[in-house]
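Asks: Have a look at this one.
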Protein chains: 2
Amino acid sequence: MPHPLLDKHRATLDGALDAIRTRSYWSPYGEMPSPRTYGEGADAAGKAAFDALLGQRFALNQPGESGWHERESSPYGVALGVAYPVCDPDALVAAAQAAMPSWQQAGVDGRTGICLEMLARLNQQSFELAHAVMMTTGQGWMMAFQAGAPHAQDRGLEAVAWAWREQSFVPSEATWEKPQGKNPPLVMKKHFEIVGRGVAVVVGCGTFPTWNTYPGLFAALATGNAVIVKPHGNAVLPAAITVRTLRAVLAENGIDPNLVSLCVAEQRSTTQKLVTHPAVKSVDFTGSNAFGQWLIDHCRQARVYAELAGVNNIVIDSTDAYKRMLGNLAFTLSLYSGQMCTTTQAIFVPAGGIATDEGHKSYDEVCADLAKAVSGFLSKPEVALSVLGAIQSEDTLARIAEADSGAYGRVVLASGKLDNPDFPAAQVRTPVLVACDAGDSAAYNEERFGPISFIVKAADTAAAIAAAERLVATHGALTAGVYSTSEDVIDAMTAATLRSKVALSINLTGGVFVNQSAAFSDFHGTGGNPAANASYSDAAFVANRFVVVQRRRHA
Amino acid sequence: MPHPLLDKHRATLDGALDAIRTRSYWSPYGEMPSPRTYGEGADAAGKAAFDALLGQRFALNQPGESGWHERESSPYGVALGVAYPVCDPDALVAAAQAAMPSWQQAGVDGRTGICLEMLARLNQQSFELAHAVMMTTGQGWMMAFQAGAPHAQDRGLEAVAWAWREQSFVPSEATWEKPQGKNPPLVMKKHFEIVGRGVAVVVGCGTFPTWNTYPGLFAALATGNAVIVKPHGNAVLPAAITVRTLRAVLAENGIDPNLVSLCVAEQRSTTQKLVTHPAVKSVDFTGSNAFGQWLIDHCRQARVYAELAGVNNIVIDSTDAYKRMLGNLAFTLSLYSGQMCTTTQAIFVPAGGIATDEGHKSYDEVCADLAKAVSGFLSKPEVALSVLGAIQSEDTLARIAEADSGAYGRVVLASGKLDNPDFPAAQVRTPVLVACDAGDSAAYNEERFGPISFIVKAADTAAAIAAAERLVATHGALTAGVYSTSEDVIDAMTAATLRSKVALSINLTGGVFVNQSAAFSDFHGTGGNPAANASYSDAAFVANRFVVVQRRRHA
């Protein structure tokens, strides 16, 4: 008899399984924050739920509690004042281990059903989560809603679907009957149990506290592991809401809620102690190369799934839709002020310029036109504020100032500061565009997180493609793009991306952007270049999180 | 249109896919060296093919050849005199890289078809391979045939089937159509390419040069990677025959044969240079903890799939088939003189003895009866010689002598030296059994490879199960066993093996032995304890050997 929650959510699981196979468009979670999808009053209720959290202690009833921690500061300048329980990492790990056997015994059906229920419940909290994401990350409202709630839920569901596919393929039992010629056959009865590797730690980032956390969280959970979420110090609230909901669903279903917990680390050393604990068998991480490499070097007892920095890039060879190309790029460079791991940083343009439907454009014209496209797109304050959001960290503000000063090359478009009347303390910045030569690789070949992009002058298209390939192979990238009217050029760029192992977007001019990846269809990262050693989600993302323990006896 | 070789071998692939799903008995490769299966004269032809290799240079036409290497010494004392080409590892890697693009372009269908053809051709060489395995490893003839040829081919096919399952699930293209309310939908055309991670190195062992090599070899190959086989210095011939056949099949199918090559390393430093080459992205290894740990520590650019040492163990609580239990154990301890990674080393027996169908047996009686069972089983020379084979290494001979001297505890059964009239120089030894207390863990808690086993006196059954669990968790094991007439005891042992993550055999008394694992049904290793970080074969064994590189454009 299947688990009742698997029954309840079977259509969602089947839809997800179909989607990861066909990779067509699909999502069970409405991406528009509309009453038609979420019900009348959902918006107000979600806002009220969020407001009710402010200035309060966020109780989770976790073991090893020793105090309360409050440190988040909103990029919008709003006082959050939420205090989170500080818990001894060893106590969290011990409690997580103790909770695992019952989770293992729930079996694939039970675990999957409960994970699907968790996602459905998080979906009902989408407005509350969206406000929490917006206020902690500086994302604009629409993006915070979409990326923070339904799209993050999609990525979680995608991981659950892959986990189901791999686990459900292993039969729980088998009869093995080997013929022995004229003698009776050898007959063995075998049982196969799926056992999670151990405690998983998911280390979140400050810009996408749910979207980058749910894949590892749900992949680890669905495959039988306990999960400790270690959120970024400035984006705790979305993780805390998530953990509270998951713990509630676990408790309702007779599973020890300590299977999922939140570890608020006041110091880096706390995190280091947690992730190197012998019982921790996997670490999911999104963040800087420095700490990512530390994790890979030091967490030798665990599998590390890391998304690090990269230098995303685009090669422009030619186009038959110049204006729409510029418009597409302008949106990409502006969205959330470029504070996305997928935002383009280097745009390679041939020194001799490019052929377009508006005639030949010199390198300098391309620079000027892209600058105009960006400033034009952001000329309406209501558009600018909602697209740009706010700058999430002081470091990014400093990088913008440095780029603006000309330190990285000739400034083609200077960053501007905008006022947000709703949030007077918000730090709002428009993108800065820098022109440089391909030889100035020190300027553009490291990630400069934020709204900072380089229009890089390459000798010609072939040199541009070669430079882009080298950049991906040595510094990594999650996204690459090409604009060309020549199929030969597109083929050459395709071959370069197959060698350097990066996803390619070709001639994007419409409502799809290089920095967006759609769950169930686009693999986020290939796992094959330095920007990430794993992809959201594929078989490799789930298959090594559990082992199969068999037993056999004569039948 | 599917690849012609995929068409040709489709039934084999389908059979394998069905078998890894149902985990019932199945094999396409006959395990009996009989003319009915392999054809009249296959035996003689295979022997002649093997003999023709002796004393000759084994030409492979590989790049970077600088000389010839001859070092193998047969445990049977037969002069082999085969010289292998010594090739510069950098040249092999460069040639492997150059061969990869055409292999990638062959696609999943082409690669799978060609791998299936390779296995079919290896199967036709089963007699030749069996002689090569027997003469290099010291295995008895029947075992050399079965484990060295059809069973190894089964394990290779199993890896190909898993690789197919994971790769074929990823569609080569998709249309993504996202509704936009009243506006026309967003439509994207997407392509997904499977790309191998890079050059794979498979490091073989001296005792099972095909069975432990084929899983990694075929997993890496099928998923789009080039493979360099680095055989054990004393078991080169089976690997060389394999590589020559694979290169021939590649060439016949228009693929650069340098996709697969043999690296004969005269020095450890050559191997170390090879496996740490930046282009090497995976290393499969079977062997010692010392070198395995070196690989894990130093091959940071690669995924390492390692099968290391372990301490396999059995708990005896009670039995209703005392004689057959002893007979089953006697065979396990004798087969190939215990030179298997799956042979039982520690047998835990309660101090108070055990209940049996022949009445209560004290601990000392169990020791004496097991000793009698082993010597009785080996009393017929023809049985003894064919089961024991020969001792493969000087180190093992030294360990036997040490155990025999009483250095590890009271000798219950001393090892005997047998003469093999067919091979007068062969070193043939019968098993040594040592009795010790559970407290003498220094004696039994490290792997003592060879025919050396310990009958360990535990306080009671519960203490025995706890000691066995501890042994697996800290020192690793590929196999565990339990004998009991009590389902409570079996449940307790099952729970212990779920925690320590080791496969369990329960009450084996018939023609199945704890040290045997059947392809398609038994997972070899769980990958979850120190004896191995991967299993033959499962999704985790193949899924991270390739990445998916996508491209998308407006439709």
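Order determines the names: the first chain of the structure tokens is A, the second B, and so forth; residues in each chain are numbered 1 upward, and ligands are numbered 1 upward as they are shown.
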Taking only residues of chain A that have an atom at most 7 Å from an atom of chain B, what is each one's shortest atom pair and its distance in Å to one decimal, using only C-alpha atoms, in chain and number order, as a Markdown table?
Replies:
```
| residue | atom | partner | partner_atom | distance |
| --- | --- | --- | --- | --- |
| A:Arg21 | CA | B:Phe169 | CA | 6.2 |
| A:Thr22 | CA | B:Ala174 | CA | 6.5 |
| A:Arg23 | CA | B:Ala174 | CA | 6.0 |
| A:Ser24 | CA | B:Trp176 | CA | 4.5 |
| A:Tyr25 | CA | B:Trp176 | CA | 5.0 |
| A:Phe169 | CA | B:Arg21 | CA | 6.2 |
| A:Val170 | CA | B:Arg21 | CA | 6.4 |
| A:Pro171 | CA | B:Thr22 | CA | 6.5 |
| A:Ala174 | CA | B:Arg23 | CA | 6.0 |
| A:Thr175 | CA | B:Ser24 | CA | 5.9 |
| A:Trp176 | CA | B:Ser24 | CA | 4.5 |
| A:Glu177 | CA | B:Tyr25 | CA | 5.6 |
| A:Lys178 | CA | B:Tyr25 | CA | 5.7 |
| A:Leu186 | CA | B:Gly511 | CA | 6.9 |
| A:Arg197 | CA | B:Gly528 | CA | 6.8 |
| A:Leu498 | CA | B:Val549 | CA | 6.3 |
| A:Lys501 | CA | B:Val549 | CA | 5.9 |
| A:Val502 | CA | B:Val549 | CA | 6.0 |
| A:Ala503 | CA | B:Gln550 | CA | 4.9 |
| A:Leu504 | CA | B:Arg551 | CA | 4.5 |
| A:Ser505 | CA | B:Arg552 | CA | 5.1 |
| A:Ile506 | CA | B:Arg553 | CA | 4.9 |
| A:Asn507 | CA | B:Arg553 | CA | 6.3 |
| A:Leu508 | CA | B:Arg553 | CA | 6.5 |
| A:Gly511 | CA | B:Leu186 | CA | 6.9 |
| A:Thr526 | CA | B:Val547 | CA | 5.8 |
| A:Gly527 | CA | B:Val547 | CA | 6.6 |
| A:Gly528 | CA | B:Val547 | CA | 6.2 |
| A:Ala539 | CA | B:Ala543 | CA | 5.8 |
| A:Ala540 | CA | B:Ala543 | CA | 4.8 |
| A:Ala543 | CA | B:Ala540 | CA | 4.8 |
| A:Asn544 | CA | B:Ala540 | CA | 5.0 |
| A:Val547 | CA | B:Thr526 | CA | 5.8 |
| A:Val548 | CA | B:Thr526 | CA | 6.0 |
| A:Val549 | CA | B:Ala503 | CA | 5.5 |
| A:Gln550 | CA | B:Ala503 | CA | 4.9 |
| A:Arg551 | CA | B:Leu504 | CA | 4.5 |
| A:Arg552 | CA | B:Ser505 | CA | 5.1 |
| A:Arg553 | CA | B:Ile506 | CA | 4.9 |
| A:His554 | CA | B:Leu508 | CA | 6.8 |
```
Asks: If DSSP is run on the backbone, what residues of stretch 292-514 of chain B are helix (DSSP H, G or I)? A reply as an NGL selection string would be ideal.
Replies: :B and (292-298 or 322-338 or 363-377 or 381-388 or 394-404 or 441-444 or 461-475 or 487-500)
Asks: When you count only C-alpha atoms, which of these residues is closest to B:Trp294: B:Lys230, B:Arg71, B:Arg10, B:Arg268?
Replies: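 Nearest candidate to B:Trp294 out of B:Lys230, B:Arg71, B:Arg10, B:Arg268: B:Arg268.
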Asks: Could you list, as a list in words, every residue within 7 Å of A:Trp68, counting only C-alpha atoms and ignoring same-chain residues fewer than 4 positions away?
Replies: Ala83, Tyr84, Pro85 and Val86 of chain A
Asks: Quick one: residues within 9 Å of stretch 122-131 of chain B, only C-alpha atoms counted, chain neighbours fewer than 5 positions away excluded, as JSON, numbers by chain?
Replies: {"B": [29, 30, 33, 38, 42, 43, 44, 45, 46, 47, 48, 49, 50, 51, 117, 136, 141, 142, 143, 144, 145, 146, 147, 148, 149, 150, 153, 210, 237, 238, 241, 242, 245, 246]}
Asks: Write out as a ChimeraX atom specification the set of residues from stretch 360-476 of chain B that DSSP, computed on the backbone, places in strand (DSSP E or B).
Replies: /B:361,410-413,417-418,428-429,432-437,452-458
Asks: For a quick check of understanding, using only C-alpha atoms, which of B:Tyr336, B:Phe449, B:Tyr536, B:Phe285 has the smallest distance to B:Ile400?
Replies: B:Phe449
Asks: Which residues are near A:Pro257? Cut-off 8 Å, only C-alpha atoms, ignore same chain within fewer than 6 positions. Put them as a list in words.
Replies: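 Surrounding residues, per the criterion: Ala99, Leu246, Arg247, Ala248, Leu250 and Ala251 of chain A.
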Asks: Write the selection just made, keeping all heavy atoms, as a JSON list (two decimals), in the first residue's frame?
Replies:
```json
[["chain", "number", "residue", "atom", "x", "y", "z"],
["A", 99, "ALA", "N", 17.57, 10.64, 14.23],
["A", 99, "ALA", "CA", 16.31, 10.70, 13.47],
["A", 99, "ALA", "C", 16.37, 9.87, 12.20],
["A", 99, "ALA", "O", 15.33, 9.56, 11.60],
["A", 99, "ALA", "CB", 15.98, 12.15, 13.13],
["A", 246, "LEU", "N", 9.26, 22.26, 7.33],
["A", 246, "LEU", "CA", 9.68, 20.86, 7.14],
["A", 246, "LEU", "C", 9.59, 20.09, 8.45],
["A", 246, "LEU", "O", 9.15, 18.93, 8.47],
["A", 246, "LEU", "CB", 11.11, 20.81, 6.57],
["A", 246, "LEU", "CG", 11.20, 20.76, 5.04],
["A", 246, "LEU", "CD1", 10.38, 21.85, 4.37],
["A", 246, "LEU", "CD2", 12.65, 20.81, 4.57],
["A", 247, "ARG", "N", 10.01, 20.73, 9.52],
["A", 247, "ARG", "CA", 9.93, 20.06, 10.82],
["A", 247, "ARG", "C", 8.48, 19.77, 11.21],
["A", 247, "ARG", "O", 8.17, 18.71, 11.77],
["A", 247, "ARG", "CB", 10.61, 20.90, 11.90],
["A", 247, "ARG", "CG", 12.14, 20.94, 11.76],
["A", 247, "ARG", "CD", 12.79, 21.95, 12.71],
["A", 247, "ARG", "NE", 12.61, 21.64, 14.12],
["A", 247, "ARG", "CZ", 13.42, 20.85, 14.83],
["A", 247, "ARG", "NH1", 14.47, 20.28, 14.25],
["A", 247, "ARG", "NH2", 13.19, 20.63, 16.10],
["A", 248, "ALA", "N", 7.60, 20.69, 10.87],
["A", 248, "ALA", "CA", 6.18, 20.47, 11.18],
["A", 248, "ALA", "C", 5.63, 19.29, 10.38],
["A", 248, "ALA", "O", 4.91, 18.44, 10.92],
["A", 248, "ALA", "CB", 5.38, 21.75, 10.86],
["A", 250, "LEU", "N", 7.30, 16.79, 9.16],
["A", 250, "LEU", "CA", 7.89, 15.56, 9.70],
["A", 250, "LEU", "C", 7.13, 15.11, 10.96],
["A", 250, "LEU", "O", 6.75, 13.94, 11.08],
["A", 250, "LEU", "CB", 9.37, 15.77, 10.03],
["A", 250, "LEU", "CG", 10.30, 15.91, 8.82],
["A", 250, "LEU", "CD1", 11.67, 16.41, 9.26],
["A", 250, "LEU", "CD2", 10.42, 14.59, 8.06],
["A", 251, "ALA", "N", 6.94, 16.04, 11.88],
["A", 251, "ALA", "CA", 6.28, 15.69, 13.14],
["A", 251, "ALA", "C", 4.87, 15.18, 12.88],
["A", 251, "ALA", "O", 4.44, 14.18, 13.48],
["A", 251, "ALA", "CB", 6.25, 16.90, 14.07]]
```
Asks: Determine, counting only C-alpha atoms, which protein, DNA and RNA residues have an atom within 10 Å of an atom of A:Asp422; residues of the same chain fewer than 4 positions away are not included. Present the result as a VMD selection string.
Replies: chain A and resid 76 385 426
Asks: I want to know what sits within 9 Å of B:Ala240, based on only C-alpha atoms, with residues of the same chain fewer than 6 positions away left out; could you give that as a tab-separated table (two decimals) with C-alpha atoms, in the first residue's frame?
Replies:
```tsv
chain	number	residue	atom	x	y	z
B	58	PHE	CA	52.73	-8.04	-27.34
B	60	LEU	CA	49.67	-2.74	-29.51
B	84	TYR	CA	54.71	-5.28	-23.31
B	229	VAL	CA	44.28	0.62	-18.35
B	231	PRO	CA	47.35	-3.27	-14.99
B	261	SER	CA	45.32	1.98	-24.27
B	262	LEU	CA	47.52	0.02	-21.93
```
Asks: As an exercise, work out the distance from atom CA of B:Asn183 to atom CA of A:Met32 in Å and give it to one decimal place.
Replies: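 Taking atom CA of B:Asn183 as the start and atom CA of A:Met32 as the end point, the length is 15.1 Å.
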